[in-house]
$ cat coords_38.txt   # compact mmCIF, C-alpha atoms
# COMPACT_ATOMS: atom_id res chain seq x y z
CA MET A 1 137.34 50.61 -29.73
CA PRO A 2 134.95 47.71 -29.22
CA LEU A 3 131.20 48.28 -29.45
CA TRP A 4 130.45 47.72 -25.76
CA LEU A 5 132.99 50.39 -24.88
CA LEU A 6 131.14 52.85 -27.11
CA ILE A 7 127.86 52.08 -25.33
CA ILE A 8 129.37 52.46 -21.86
CA GLY A 9 131.25 55.61 -22.85
CA LEU A 10 128.17 57.17 -24.38
CA GLY A 11 126.09 56.17 -21.34
CA LEU A 12 128.62 57.73 -19.00
CA ALA A 13 128.85 60.92 -21.07
CA THR A 14 125.05 61.21 -21.20
CA PHE A 15 124.77 60.70 -17.46
CA LEU A 16 127.49 63.28 -16.73
CA THR A 17 125.79 65.80 -19.05
CA ARG A 18 122.51 65.29 -17.19
CA LEU A 19 124.27 65.54 -13.83
CA SER A 20 126.43 68.56 -14.81
CA PHE A 21 124.55 71.54 -13.38
CA ILE A 22 122.74 69.52 -10.71
CA TRP A 23 126.21 68.86 -9.33
CA LEU A 24 127.77 72.23 -10.20
CA PHE A 25 125.10 74.41 -8.56
CA GLN A 26 125.78 72.57 -5.32
CA HIS A 27 129.31 73.98 -5.26
CA TRP A 28 129.00 77.23 -7.16
CA GLN A 29 126.48 80.05 -6.89
CA PRO A 30 125.39 80.94 -10.43
CA PRO A 31 125.17 84.68 -11.21
CA GLU A 32 121.77 86.32 -10.86
CA TRP A 33 121.14 86.69 -14.61
CA LEU A 34 121.77 82.98 -15.14
CA LYS A 35 119.40 82.03 -12.33
CA ARG A 36 116.70 84.26 -13.77
CA SER A 37 117.17 82.94 -17.31
CA LEU A 38 116.51 79.38 -16.13
CA ARG A 39 112.77 79.92 -15.94
CA PHE A 40 112.82 80.27 -19.73
CA VAL A 41 114.38 76.83 -20.29
CA PRO A 42 111.14 74.81 -20.45
CA VAL A 43 109.19 77.25 -22.65
CA THR A 44 112.08 77.72 -25.10
CA VAL A 45 113.37 74.13 -25.35
CA LEU A 46 109.98 72.43 -25.54
CA THR A 47 108.81 74.98 -28.12
CA ALA A 48 112.00 74.48 -30.13
CA ILE A 49 111.34 70.72 -30.14
CA ALA A 50 107.66 71.03 -31.05
CA ILE A 51 107.62 73.76 -33.74
CA PRO A 52 109.85 72.01 -36.33
CA GLU A 53 107.60 68.94 -35.93
CA LEU A 54 104.71 71.11 -37.10
CA LEU A 55 106.41 73.21 -39.77
CA LEU A 56 109.00 70.78 -41.08
CA PRO A 57 107.47 67.30 -40.90
CA GLY A 58 110.23 64.81 -41.67
CA GLY A 59 112.65 67.73 -41.94
CA ASP A 60 111.08 69.24 -45.07
CA TRP A 61 109.24 72.50 -45.55
CA MET A 62 105.58 72.12 -46.54
CA VAL A 63 103.15 74.72 -47.86
CA PRO A 64 101.33 75.82 -44.65
CA PHE A 65 97.77 75.30 -45.95
CA ALA A 66 98.61 71.84 -47.25
CA ASN A 67 100.38 70.76 -44.08
CA PRO A 68 98.08 68.73 -41.79
CA ARG A 69 100.59 68.86 -38.92
CA LEU A 70 100.70 72.63 -38.94
CA ILE A 71 96.90 72.92 -39.02
CA ALA A 72 96.63 70.39 -36.17
CA GLY A 73 99.33 72.21 -34.22
CA VAL A 74 97.62 75.60 -34.55
CA VAL A 75 94.34 74.09 -33.36
CA ALA A 76 96.19 72.41 -30.46
CA ILE A 77 97.76 75.74 -29.45
CA LEU A 78 94.31 77.39 -29.38
CA VAL A 79 92.79 74.48 -27.43
CA ALA A 80 95.68 74.46 -24.93
CA TRP A 81 95.35 78.20 -24.49
CA ARG A 82 91.58 78.15 -23.89
CA SER A 83 91.22 74.86 -21.98
CA ARG A 84 94.60 74.33 -20.29
CA SER A 85 93.78 70.64 -20.58
CA MET A 86 96.36 68.17 -21.82
CA LEU A 87 93.79 65.55 -22.73
CA LEU A 88 91.69 67.97 -24.80
CA THR A 89 94.82 69.29 -26.52
CA ILE A 90 95.95 65.79 -27.55
CA LEU A 91 92.47 64.74 -28.68
CA ALA A 92 91.86 67.93 -30.68
CA GLY A 93 95.32 67.84 -32.26
CA MET A 94 95.12 64.18 -33.27
CA ALA A 95 91.53 64.52 -34.55
CA VAL A 96 92.45 67.52 -36.71
CA LEU A 97 95.60 65.79 -37.94
CA LEU A 98 93.69 62.70 -39.06
CA ALA A 99 90.86 64.74 -40.59
CA ALA A 100 93.20 67.15 -42.39
CA SER A 101 95.37 64.30 -43.70
CA ALA A 102 92.29 62.53 -45.03
CA LEU A 103 90.91 65.69 -46.66
CA LEU A 104 94.16 66.93 -48.16
CA LEU A 105 95.22 63.66 -49.77
CA MET B 1 97.49 69.16 -14.75
CA GLY B 2 94.43 71.30 -14.21
CA GLU B 3 93.62 69.61 -10.94
CA LEU B 4 93.92 71.29 -7.60
CA LYS B 5 94.25 68.12 -5.59
CA SER B 6 96.95 68.61 -2.98
CA ALA B 7 99.56 65.90 -3.24
CA SER B 8 101.97 66.13 -0.40
CA SER B 9 103.02 62.66 0.73
CA PRO B 10 105.89 60.91 -1.09
CA SER B 11 103.67 58.11 -2.33
CA SER B 12 100.91 60.39 -3.64
CA GLU B 13 103.54 62.54 -5.39
CA PHE B 14 105.11 59.41 -6.90
CA TRP B 15 101.81 58.13 -8.32
CA LEU B 16 100.85 61.58 -9.58
CA GLY B 17 104.15 61.63 -11.47
CA VAL B 18 103.41 58.19 -12.92
CA ARG B 19 99.93 59.32 -13.97
CA ASP B 20 101.10 62.58 -15.57
CA GLU B 21 103.80 60.75 -17.54
CA LEU B 22 101.36 58.20 -19.00
CA PRO B 23 100.10 60.33 -21.94
CA LEU B 24 103.68 60.83 -23.13
CA LEU B 25 104.14 57.07 -23.47
CA LEU B 26 101.77 57.17 -26.44
CA GLY B 27 104.39 59.11 -28.37
CA VAL B 28 107.49 57.51 -26.84
CA ALA B 29 106.55 53.83 -27.34
CA PRO B 30 106.56 54.03 -31.18
CA PHE B 31 110.01 55.65 -31.04
CA GLY B 32 111.29 52.87 -28.78
CA MET B 33 110.03 50.27 -31.20
CA ILE B 34 111.51 52.06 -34.21
CA TYR B 35 114.82 52.20 -32.36
CA GLY B 36 114.73 48.44 -31.82
CA VAL B 37 113.87 47.82 -35.47
CA LEU B 38 116.70 50.12 -36.65
CA ALA B 39 119.19 48.43 -34.31
CA MET B 40 118.30 45.08 -35.82
CA ALA B 41 118.53 46.51 -39.35
CA ALA B 42 122.06 47.73 -38.50
CA SER B 43 122.86 44.11 -37.41
CA LEU B 44 123.70 45.08 -33.84
CA PRO B 45 123.85 42.20 -31.35
CA LEU B 46 120.60 41.77 -29.38
CA GLY B 47 122.26 42.30 -26.00
CA ILE B 48 124.07 45.46 -27.07
CA SER B 49 120.89 46.89 -28.59
CA GLN B 50 118.87 46.40 -25.43
CA ALA B 51 121.77 47.46 -23.17
CA MET B 52 122.02 50.74 -25.07
CA SER B 53 118.44 51.57 -24.08
CA SER B 54 119.26 51.27 -20.39
CA ILE B 55 122.90 52.46 -20.37
CA VAL B 56 122.58 55.41 -22.76
CA PHE B 57 118.82 55.90 -22.28
CA ALA B 58 118.54 58.81 -24.73
CA GLY B 59 116.35 58.38 -27.82
CA SER B 60 117.95 60.81 -30.27
CA ALA B 61 121.50 59.70 -29.44
CA GLN B 62 120.51 56.04 -29.78
CA PHE B 63 118.88 56.68 -33.17
CA ILE B 64 121.95 58.46 -34.50
CA THR B 65 124.28 55.83 -33.05
CA VAL B 66 122.55 52.89 -34.75
CA GLN B 67 122.31 54.80 -38.03
CA LEU B 68 126.03 55.71 -37.97
CA LEU B 69 126.98 52.16 -36.92
CA GLY B 70 125.07 50.86 -39.93
CA SER B 71 127.10 53.10 -42.24
CA GLY B 72 130.49 52.16 -40.83
CA VAL B 73 131.49 55.50 -39.25
CA PRO B 74 134.45 55.20 -36.81
CA LEU B 75 133.31 54.60 -33.21
CA LEU B 76 135.10 57.65 -31.82
CA ILE B 77 133.19 59.91 -34.23
CA ILE B 78 129.93 58.19 -33.23
CA PHE B 79 130.77 58.79 -29.58
CA LEU B 80 131.45 62.50 -30.13
CA THR B 81 128.28 62.87 -32.20
CA GLY B 82 126.22 61.29 -29.41
CA VAL B 83 127.79 63.62 -26.84
CA VAL B 84 126.93 66.73 -28.89
CA VAL B 85 123.37 65.52 -29.59
CA ASN B 86 122.87 65.11 -25.84
CA LEU B 87 124.13 68.59 -24.91
CA ARG B 88 120.57 69.86 -24.45
CA HIS B 89 120.39 67.72 -21.32
CA ALA B 90 122.80 70.16 -19.66
CA LEU B 91 120.09 72.81 -20.03
CA TYR B 92 117.59 70.52 -18.34
CA SER B 93 120.18 69.87 -15.64
CA ALA B 94 120.58 73.60 -14.95
CA SER B 95 116.82 74.05 -15.01
CA VAL B 96 116.02 71.40 -12.38
CA ALA B 97 119.18 71.94 -10.29
CA PRO B 98 117.73 74.63 -7.98
CA TYR B 99 114.94 72.22 -6.97
CA LEU B 100 117.29 69.34 -6.16
CA GLN B 101 119.75 71.15 -3.88
CA HIS B 102 118.38 69.62 -0.67
CA LEU B 103 118.54 66.02 -1.91
CA SER B 104 121.15 63.39 -1.10
CA PRO B 105 123.84 62.59 -3.70
CA ALA B 106 122.12 59.28 -4.46
CA TRP B 107 118.81 61.02 -5.20
CA ARG B 108 120.51 63.62 -7.37
CA ALA B 109 122.41 60.96 -9.32
CA GLY B 110 119.26 58.86 -9.75
CA LEU B 111 117.18 61.78 -11.01
CA ALA B 112 120.04 62.88 -13.31
CA TYR B 113 120.00 59.39 -14.87
CA LEU B 114 116.24 59.73 -15.46
CA LEU B 115 116.48 63.27 -16.92
CA THR B 116 115.14 62.66 -20.43
CA ASP B 117 113.20 65.22 -22.56
CA GLU B 118 109.86 63.66 -21.65
CA ALA B 119 110.51 63.26 -17.90
CA TYR B 120 111.95 66.77 -17.74
CA ALA B 121 108.93 68.31 -19.51
CA VAL B 122 106.52 66.88 -16.93
CA ALA B 123 108.73 67.31 -13.85
CA ILE B 124 109.64 70.96 -14.46
CA ASN B 125 105.97 71.76 -15.04
CA HIS B 126 105.19 70.32 -11.61
CA TYR B 127 108.15 71.99 -9.91
CA SER B 128 107.26 75.43 -11.26
CA ASP B 129 103.56 75.07 -10.40
CA GLU B 130 103.35 77.43 -7.42
CA THR B 131 99.70 76.65 -6.83
CA ARG B 132 100.80 73.23 -5.64
CA PRO B 133 103.60 73.65 -3.15
CA GLY B 134 105.18 70.57 -1.64
CA LYS B 135 108.48 69.34 -0.37
CA HIS B 136 108.20 65.89 -1.91
CA LYS B 137 108.18 66.87 -5.56
CA HIS B 138 111.30 64.79 -6.21
CA TRP B 139 109.03 61.76 -5.73
CA TYR B 140 106.88 63.07 -8.58
CA PHE B 141 110.01 63.41 -10.75
CA LEU B 142 110.99 59.85 -9.78
CA GLY B 143 107.54 58.50 -10.64
CA ALA B 144 107.55 60.22 -14.04
CA GLY B 145 111.15 59.15 -14.73
CA ILE B 146 110.64 55.49 -13.83
CA THR B 147 107.47 55.34 -15.91
CA LEU B 148 109.26 56.67 -18.97
CA TRP B 149 112.27 54.41 -18.31
CA THR B 150 110.07 51.30 -18.14
CA CYS B 151 108.26 52.25 -21.34
CA TRP B 152 111.55 52.87 -23.16
CA GLN B 153 112.99 49.47 -22.10
CA LEU B 154 109.83 47.57 -23.03
CA SER B 155 109.25 49.33 -26.35
CA SER B 156 112.90 48.90 -27.42
CA ALA B 157 112.63 45.20 -26.51
CA LEU B 158 109.46 44.90 -28.58
CA GLY B 159 111.19 46.51 -31.54
CA ILE B 160 114.25 44.30 -31.12
CA PHE B 161 112.51 40.97 -30.58
CA VAL B 162 109.14 41.37 -32.32
CA GLY B 163 109.52 44.24 -34.77
CA GLN B 164 107.21 47.22 -35.00
CA VAL B 165 103.81 46.54 -33.45
CA VAL B 166 102.05 49.87 -33.95
CA PRO B 167 100.83 50.47 -37.52
CA ALA B 168 102.88 53.18 -39.19
CA ASP B 169 99.81 54.96 -40.61
CA LEU B 170 98.61 56.00 -37.13
CA PRO B 171 100.94 58.93 -36.37
CA LEU B 172 101.16 58.44 -32.59
CA GLU B 173 104.55 60.19 -32.51
CA PHE B 174 102.66 63.41 -33.15
CA THR B 175 101.23 63.24 -29.61
CA LEU B 176 104.65 64.36 -28.28
CA PRO B 177 104.67 67.84 -29.88
CA LEU B 178 101.00 68.15 -28.89
CA ILE B 179 101.87 67.39 -25.26
CA PHE B 180 104.73 69.87 -25.31
CA ILE B 181 102.26 72.47 -26.63
CA ALA B 182 99.85 71.59 -23.79
CA LEU B 183 102.70 72.01 -21.27
CA VAL B 184 104.10 75.26 -22.70
CA VAL B 185 101.05 77.33 -23.69
CA PRO B 186 99.51 77.71 -20.19
CA ASN B 187 102.92 78.86 -18.91
CA LEU B 188 103.16 81.80 -21.31
CA ARG B 189 101.64 84.11 -18.70
CA ASP B 190 103.85 87.17 -19.22
CA ARG B 191 105.30 89.03 -22.16
CA ALA B 192 108.87 87.85 -21.54
CA ALA B 193 107.93 84.14 -21.49
CA ALA B 194 105.71 84.48 -24.58
CA ALA B 195 108.43 86.32 -26.53
CA ALA B 196 111.06 83.78 -25.42
CA ALA B 197 108.91 80.92 -26.73
CA ILE B 198 108.04 82.63 -30.03
CA VAL B 199 111.67 83.52 -30.73
CA ALA B 200 112.81 80.01 -29.80
CA GLY B 201 110.22 78.56 -32.18
CA LEU B 202 111.36 80.84 -35.01
CA VAL B 203 115.05 80.12 -34.51
CA SER B 204 114.40 76.38 -34.23
CA VAL B 205 112.90 76.41 -37.73
CA LEU B 206 115.51 78.73 -39.27
CA ALA B 207 118.39 76.78 -37.69
CA PHE B 208 116.86 73.34 -38.31
CA GLY B 209 119.55 72.56 -40.89
CA LEU B 210 122.33 72.68 -38.27
CA PRO B 211 123.63 69.19 -37.48
CA TYR B 212 123.49 67.33 -34.14
CA LYS B 213 120.45 69.19 -32.80
CA LEU B 214 122.59 72.31 -32.41
CA GLY B 215 119.69 74.34 -33.84
CA LEU B 216 117.73 73.37 -30.74
CA LEU B 217 120.46 74.70 -28.44
CA LEU B 218 120.75 77.90 -30.46
CA ALA B 219 116.96 78.39 -30.35
CA ALA B 220 116.90 77.91 -26.58
CA ALA B 221 119.85 80.27 -26.05
CA VAL B 222 118.39 83.07 -28.21
CA GLY B 223 114.92 82.60 -26.69
CA MET B 224 116.30 82.72 -23.14
CA GLY B 225 118.29 85.84 -23.99
CA VAL B 226 115.20 87.60 -25.37
CA GLY B 227 113.16 86.60 -22.31
CA LEU B 228 115.81 87.88 -19.94
CA TRP B 229 116.17 91.14 -21.86
CA LEU B 230 112.40 91.82 -21.93
CA GLU B 231 112.06 90.99 -18.26
CA LYS B 232 114.68 93.58 -17.35
CA LYS B 233 112.92 96.39 -19.21

$ encode --input "coords_38.txt" --output "structure tokens"
Amino acid sequence: MPLWLLIIGLGLATFLTRLSFIWLFQHWQPPEWLKRSLRFVPVTVLTAIAIPELLLPGGDWMVPFANPRLIAGVVAILVAWRSRSMLLTILAGMAVLLAASALLL
Amino acid sequence: MGELKSASSPSSEFWLGVRDELPLLLGVAPFGMIYGVLAMAASLPLGISQAMSSIVFAGSAQFITVQLLGSGVPLLIIFLTGVVVNLRHALYSASVAPYLQHLSPAWRAGLAYLLTDEAYAVAINHYSDETRPGKHKHWYFLGAGITLWTCWQLSSALGIFVGQVVPADLPLEFTLPLIFIALVVPNLRDRAAAAAAIVAGLVSVLAFGLPYKLGLLLAAAVGMGVGLWLEKK
């Protein structure tokens, strides 16, 4: 299999995966429980992407109090909860990350 | 995000989507550059490396592909690995599908092509925002998607042709989890959603060792199940 075929095949497979349910739901009524579970997709998937970035930076476990990313993430969660502002959340998280990294090293 | 400006025309929706996607570029651009650098390190041809960013257009799959290519794994195995890594996009597909039912096949295909993690995160937040109703929200999705697409093409090209431009000691990639936190936390309005997120976070850490991002799928599935179960009670 030549390299360009791999790229095209992978591109096609990725596109079809992304199209899958957009296409399927047009032709098939999903059961009620499935429809209702869809509202949990963003909060579960985005959390499942973010949390390992805080707890397992680079894929390794770090002692919580010595882990700048975890400290920054906890602060960001509190700021997001109180302010509901994306800008404030990013600024607070990055500021705490830089400060904690500097202090803990 | 916190604004109550009503955006109802296609063009205002489009530009709102562009604007809301901009902060995510801060985290995505370094990844695009690293991808380009890794592709060069794996001695991939220039054209193939750049073409992968537009044909495959999926960061994690591209990273794994160039890494496996560099270590001489058979192409069929690389293909299958990429397919499994991208399975989470089927979840995104199911999640946005109800909002795209009224669109033409061309629109649906175009938005499916643009359905990356970062475009999905912003678009679904806008779709599910009931305080801002509108029938042109697909224009918002398009604006966000095109913005991310452009950034991915340009940052991969920078990595391929120039090398990494952003200093490695400024951890800009960390803005992505921060943005996901900013998108998720305000949406944890009820017990079911909060429990779903907490359980998904726990499982994602416990199952992090699973290969091909399968831990992510497992975390989402368990979290969704818990949310559904609590909602019923």

$ interface_residues --input "coords_38.txt" --of "chain A" --to "chain B" --cutoff "7 Å" --atoms "all atoms listed in the file" --output "number ranges by chain"
A: 1, 4, 6-8, 10-11, 13-15, 17-22, 25-26, 37-38, 40-53, 73, 76-77, 80-81, 84-86, 89-90, 93

$ atom_distance --input "coords_38.txt" --atom1 "CA of Met33 (chain B)" --atom2 "CA of Thr147 (chain B)"
16.3 Å

$ atom_distance --input "coords_38.txt" --atom1 "CA of Leu68 (chain B)" --atom2 "CA of Tyr35 (chain B)"
13.0 Å

$ residues_around --input "coords_38.txt" --residues "region 143-146 of chain B" --least-positions-apart "3" --cutoff "7 Å" --atoms "all atoms listed in the file" --output "PyMOL selection string"
chain B and resi 14-15+17-18+21+114+119+139-140+149-150

$ atom_distance --input "coords_38.txt" --atom1 "CA of Trp23 (chain A)" --atom2 "CA of His138 (chain B)"
15.8 Å
